[in-house]
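Chemist: Here it is: the structure, laid out below.
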Amino acid sequence: MRKNVLDEFLVAKDAPYKSISELKGKRVGSGPGIQNVTLCKTVLERAGVTDATVIELPIGQHVASIAANQIDAVYTLEPTGTVGRLNASRAFSSRVSSRITSWAIRWRRGSAVRRR
């Protein structure tokens, strides 16, 4: 069991991608809203990916969009990552937002909080 995972990138189980930097020029889904899109773009840019097309999708469409080959990867939140891993996708990068902040993120009573 994976603990303290808030967000992650998912790809199809048979996708060749092993790191975020391999998503150059690809279609990457993201949850709706400026926060999700900004986090997704920031993580991509920090991995050297500046030409990916970020597509806002409702969270409920993330796994289905990967399975249907409509997108190459998706930045998603839990519990969608777990649902994806149990079905048609695999996670290749988790705890994404903690990599771009100066503090660690953990779960506490269902919410992401800053570690002291």
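A note on labels: chains of the structure tokens are A, B, ... as shown, every chain counts residues from 1, and ligands are counted from 1 in their shown order.
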Quick one: everything within 9 Å of Cys40 of chain A, counting only C-alpha atoms, minus sequence neighbours fewer than 2 positions away in the same chain. Send it as a PyMOL selection string.

Modeler: chain A and resi 28-31+35-38+42-45+54+74-76+96-97

Chemist: Could you give me the residues within segment 4-109 of chain A that DSSP places in strand (DSSP E), as a ChimeraX atom specification?

Modeler: /A:7-12,27-30,53-56,73-77,89-94,105-108

Chemist: Selection from above, N, CA, C and O atoms, as a CSV table (one decimal), in the first residue's frame, can you write it?

Modeler:
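Contents of the output file out_33.csv:
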```
chain,number,residue,atom,x,y,z
A,7,ASP,N,-1.1,13.3,-5.2
A,7,ASP,CA,-1.2,13.5,-6.7
A,7,ASP,C,-0.1,12.6,-7.4
A,7,ASP,O,0.9,12.2,-6.8
A,8,GLU,N,-0.4,12.4,-8.7
A,8,GLU,CA,0.5,11.6,-9.5
A,8,GLU,C,0.3,11.7,-11.0
A,8,GLU,O,-0.8,12.2,-11.3
A,9,PHE,N,1.2,11.3,-11.8
A,9,PHE,CA,1.0,11.2,-13.2
A,9,PHE,C,0.7,9.7,-13.5
A,9,PHE,O,1.4,8.8,-13.0
A,10,LEU,N,-0.3,9.5,-14.3
A,10,LEU,CA,-0.7,8.2,-14.8
A,10,LEU,C,-0.5,8.1,-16.3
A,10,LEU,O,-0.7,9.1,-17.0
A,11,VAL,N,-0.1,6.9,-16.7
A,11,VAL,CA,0.0,6.6,-18.2
A,11,VAL,C,-0.6,5.2,-18.4
A,11,VAL,O,-0.9,4.5,-17.4
A,12,ALA,N,-0.9,4.9,-19.6
A,12,ALA,CA,-1.4,3.5,-20.0
A,12,ALA,C,-0.4,2.5,-19.5
A,12,ALA,O,0.8,2.7,-19.5
A,27,ARG,N,0.1,14.8,-25.2
A,27,ARG,CA,-1.2,15.3,-24.7
A,27,ARG,C,-1.3,14.9,-23.2
A,27,ARG,O,-1.3,13.7,-22.9
A,28,VAL,N,-1.3,15.8,-22.3
A,28,VAL,CA,-1.3,15.5,-20.9
A,28,VAL,C,-2.6,16.1,-20.3
A,28,VAL,O,-2.9,17.3,-20.4
A,29,GLY,N,-3.4,15.2,-19.7
A,29,GLY,CA,-4.6,15.7,-19.0
A,29,GLY,C,-4.4,16.2,-17.7
A,29,GLY,O,-3.3,15.9,-17.0
A,30,SER,N,-5.3,17.0,-17.2
A,30,SER,CA,-5.2,17.6,-15.9
A,30,SER,C,-6.6,17.8,-15.3
A,30,SER,O,-7.5,18.0,-16.1
A,53,THR,N,0.8,19.5,-24.6
A,53,THR,CA,-0.5,20.1,-24.6
A,53,THR,C,-1.2,19.7,-23.3
A,53,THR,O,-1.5,18.5,-23.2
A,54,VAL,N,-1.5,20.6,-22.4
A,54,VAL,CA,-2.3,20.3,-21.2
A,54,VAL,C,-3.8,20.5,-21.5
A,54,VAL,O,-4.2,21.6,-21.9
A,55,ILE,N,-4.5,19.5,-21.2
A,55,ILE,CA,-6.0,19.4,-21.5
A,55,ILE,C,-6.7,19.3,-20.2
A,55,ILE,O,-6.5,18.3,-19.5
A,56,GLU,N,-7.6,20.2,-19.9
A,56,GLU,CA,-8.4,20.1,-18.7
A,56,GLU,C,-9.5,19.1,-18.9
A,56,GLU,O,-10.2,19.1,-19.9
A,73,ALA,N,-0.9,11.0,-21.0
A,73,ALA,CA,-0.7,11.0,-19.6
A,73,ALA,C,-1.7,11.9,-18.9
A,73,ALA,O,-2.3,12.7,-19.6
A,74,VAL,N,-1.8,11.8,-17.6
A,74,VAL,CA,-2.7,12.6,-16.9
A,74,VAL,C,-2.1,12.9,-15.5
A,74,VAL,O,-1.5,12.1,-14.8
A,75,TYR,N,-2.2,14.2,-15.1
A,75,TYR,CA,-1.8,14.6,-13.7
A,75,TYR,C,-3.1,14.5,-13.0
A,75,TYR,O,-4.1,15.2,-13.3
A,76,THR,N,-3.2,13.7,-12.0
A,76,THR,CA,-4.4,13.4,-11.3
A,76,THR,C,-4.2,13.4,-9.8
A,76,THR,O,-3.1,13.3,-9.3
A,77,LEU,N,-5.3,13.4,-9.0
A,77,LEU,CA,-5.3,13.4,-7.6
A,77,LEU,C,-5.9,12.0,-7.1
A,77,LEU,O,-6.6,11.3,-7.9
A,89,SER,N,-4.3,1.7,-16.2
A,89,SER,CA,-3.1,2.6,-16.2
A,89,SER,C,-2.1,2.3,-15.1
A,89,SER,O,-2.4,1.4,-14.2
A,90,ARG,N,-1.0,3.0,-15.1
A,90,ARG,CA,0.0,2.8,-14.1
A,90,ARG,C,0.5,4.2,-13.7
A,90,ARG,O,0.6,5.1,-14.5
A,91,ALA,N,0.9,4.3,-12.5
A,91,ALA,CA,1.5,5.6,-12.0
A,91,ALA,C,3.0,5.5,-12.3
A,91,ALA,O,3.7,4.5,-12.1
A,92,PHE,N,3.6,6.6,-12.8
A,92,PHE,CA,5.0,6.6,-13.0
A,92,PHE,C,5.7,7.8,-12.2
A,92,PHE,O,6.9,7.9,-12.2
A,93,SER,N,4.9,8.6,-11.6
A,93,SER,CA,5.4,9.7,-10.8
A,93,SER,C,4.4,10.1,-9.8
A,93,SER,O,3.3,10.4,-10.1
A,94,SER,N,4.7,9.9,-8.5
A,94,SER,CA,3.8,10.3,-7.5
A,94,SER,C,4.4,11.3,-6.5
A,94,SER,O,5.6,11.6,-6.6
A,105,ILE,N,4.4,17.5,1.7
A,105,ILE,CA,2.9,17.5,1.8
A,105,ILE,C,2.6,16.1,2.4
A,105,ILE,O,3.1,15.1,1.9
A,106,ARG,N,1.7,16.0,3.3
A,106,ARG,CA,1.2,14.7,3.8
A,106,ARG,C,-0.3,14.8,4.0
A,106,ARG,O,-0.9,15.9,4.1
A,107,TRP,N,-0.9,13.6,4.2
A,107,TRP,CA,-2.4,13.6,4.4
A,107,TRP,C,-2.6,13.7,5.9
A,107,TRP,O,-1.9,13.1,6.7
A,108,ARG,N,-3.6,14.4,6.3
A,108,ARG,CA,-4.0,14.4,7.7
A,108,ARG,C,-5.6,14.6,7.7
A,108,ARG,O,-6.1,15.6,7.3
```

Chemist: Need the shell around Ala52 of chain A: protein/DNA/RNA residues with any atom at most 6 Å away, counting only C-alpha atoms. Skip same-chain ones fewer than 6 positions apart. Format as a PDB file with all heavy atoms, in the first residue's frame?

Modeler:
```pdb
ATOM      1  N   LYS A  24       7.472  15.147 -23.657  1.00  0.00           N
ATOM      2  CA  LYS A  24       7.640  16.263 -24.602  1.00  0.00           C
ATOM      3  C   LYS A  24       6.748  16.053 -25.812  1.00  0.00           C
ATOM      4  O   LYS A  24       6.747  14.994 -26.431  1.00  0.00           O
ATOM      5  CB  LYS A  24       9.101  16.374 -25.033  1.00  0.00           C
ATOM      6  CG  LYS A  24      10.000  16.796 -23.907  1.00  0.00           C
ATOM      7  CD  LYS A  24      11.431  16.910 -24.332  1.00  0.00           C
ATOM      8  CE  LYS A  24      12.256  17.329 -23.126  1.00  0.00           C
ATOM      9  NZ  LYS A  24      13.665  17.385 -23.406  1.00  0.00           N
ATOM     10  N   GLY A  25       5.973  17.076 -26.143  1.00  0.00           N
ATOM     11  CA  GLY A  25       5.098  17.033 -27.308  1.00  0.00           C
ATOM     12  C   GLY A  25       3.869  16.155 -27.149  1.00  0.00           C
ATOM     13  O   GLY A  25       3.145  15.937 -28.118  1.00  0.00           O
ATOM     14  N   LYS A  26       3.599  15.680 -25.949  1.00  0.00           N
ATOM     15  CA  LYS A  26       2.472  14.765 -25.723  1.00  0.00           C
ATOM     16  C   LYS A  26       1.242  15.502 -25.217  1.00  0.00           C
ATOM     17  O   LYS A  26       1.291  16.662 -24.829  1.00  0.00           O
ATOM     18  CB  LYS A  26       2.867  13.670 -24.721  1.00  0.00           C
ATOM     19  CG  LYS A  26       4.076  12.871 -25.133  1.00  0.00           C
ATOM     20  CD  LYS A  26       3.834  12.163 -26.441  1.00  0.00           C
ATOM     21  CE  LYS A  26       5.058  11.378 -26.860  1.00  0.00           C
ATOM     22  NZ  LYS A  26       4.995  10.912 -28.211  1.00  0.00           N
ATOM     23  N   ARG A  27       0.117  14.787 -25.209  1.00  0.00           N
ATOM     24  CA  ARG A  27      -1.156  15.304 -24.674  1.00  0.00           C
ATOM     25  C   ARG A  27      -1.257  14.864 -23.226  1.00  0.00           C
ATOM     26  O   ARG A  27      -1.278  13.670 -22.936  1.00  0.00           O
ATOM     27  CB  ARG A  27      -2.333  14.734 -25.454  1.00  0.00           C
ATOM     28  CG  ARG A  27      -2.320  15.068 -26.928  1.00  0.00           C
ATOM     29  CD  ARG A  27      -3.214  14.141 -27.702  1.00  0.00           C
ATOM     30  NE  ARG A  27      -2.673  12.771 -27.554  1.00  0.00           N
ATOM     31  CZ  ARG A  27      -3.303  11.674 -27.910  1.00  0.00           C
ATOM     32  NH1 ARG A  27      -4.491  11.741 -28.439  1.00  0.00           N
ATOM     33  NH2 ARG A  27      -2.750  10.484 -27.744  1.00  0.00           N
TER      34      ARG A  27
END
```

Chemist: May I ask which of the residues A:Leu39, A:Val63, A:Ile34, A:Leu57 is the closest one to Arg85 of chain A, counting only C-alpha atoms?

Modeler: A:Val63

Chemist: What is the distance, in Å and to one decimal place, between atom CA of Gly48 of chain A and atom CA of Ala67 of chain A?

Modeler: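 Result for atom CA of Gly48 of chain A versus atom CA of Ala67 of chain A: 25.9 Å, one decimal.
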
Chemist: Could you jot down the atom CA of Asn87 of chain A to atom CA of Arg46 of chain A separation for me, Å, one decimal place?

Modeler: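 So the two atoms, atom CA of Asn87 of chain A and atom CA of Arg46 of chain A, lie 29.0 Å apart.
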
Chemist: Kindly give the distance, in Å, that separates atom CA of Gly33 of chain A and atom CA of Asp14 of chain A, rounded to a single decimal.

Modeler: 28.8 Å

Chemist: Taking into account only C-alpha atoms, which residue in the set A:Thr50, A:Gln61, A:Ser19, A:Gln70 is nearest to Pro32 of chain A?

Modeler: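 For Pro32 of chain A, the nearest of the given residues is A:Gln61.
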
Chemist: Which residues in segment 29-95 of chain A does DSSP call alpha helix (DSSP H)? List them as a list in words.

Modeler: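 Across segment 29-95 of chain A, those assigned alpha helix (DSSP H) are Ile34, Gln35, Asn36, Val37, Thr38, Leu39, Cys40, Lys41, Thr42, Val43, Leu44, Glu45, Arg46, His62, Val63, Ala64, Ser65, Ile66, Ala67, Thr80, Gly81, Thr82, Val83, Gly84, Arg85 and Leu86 of chain A.
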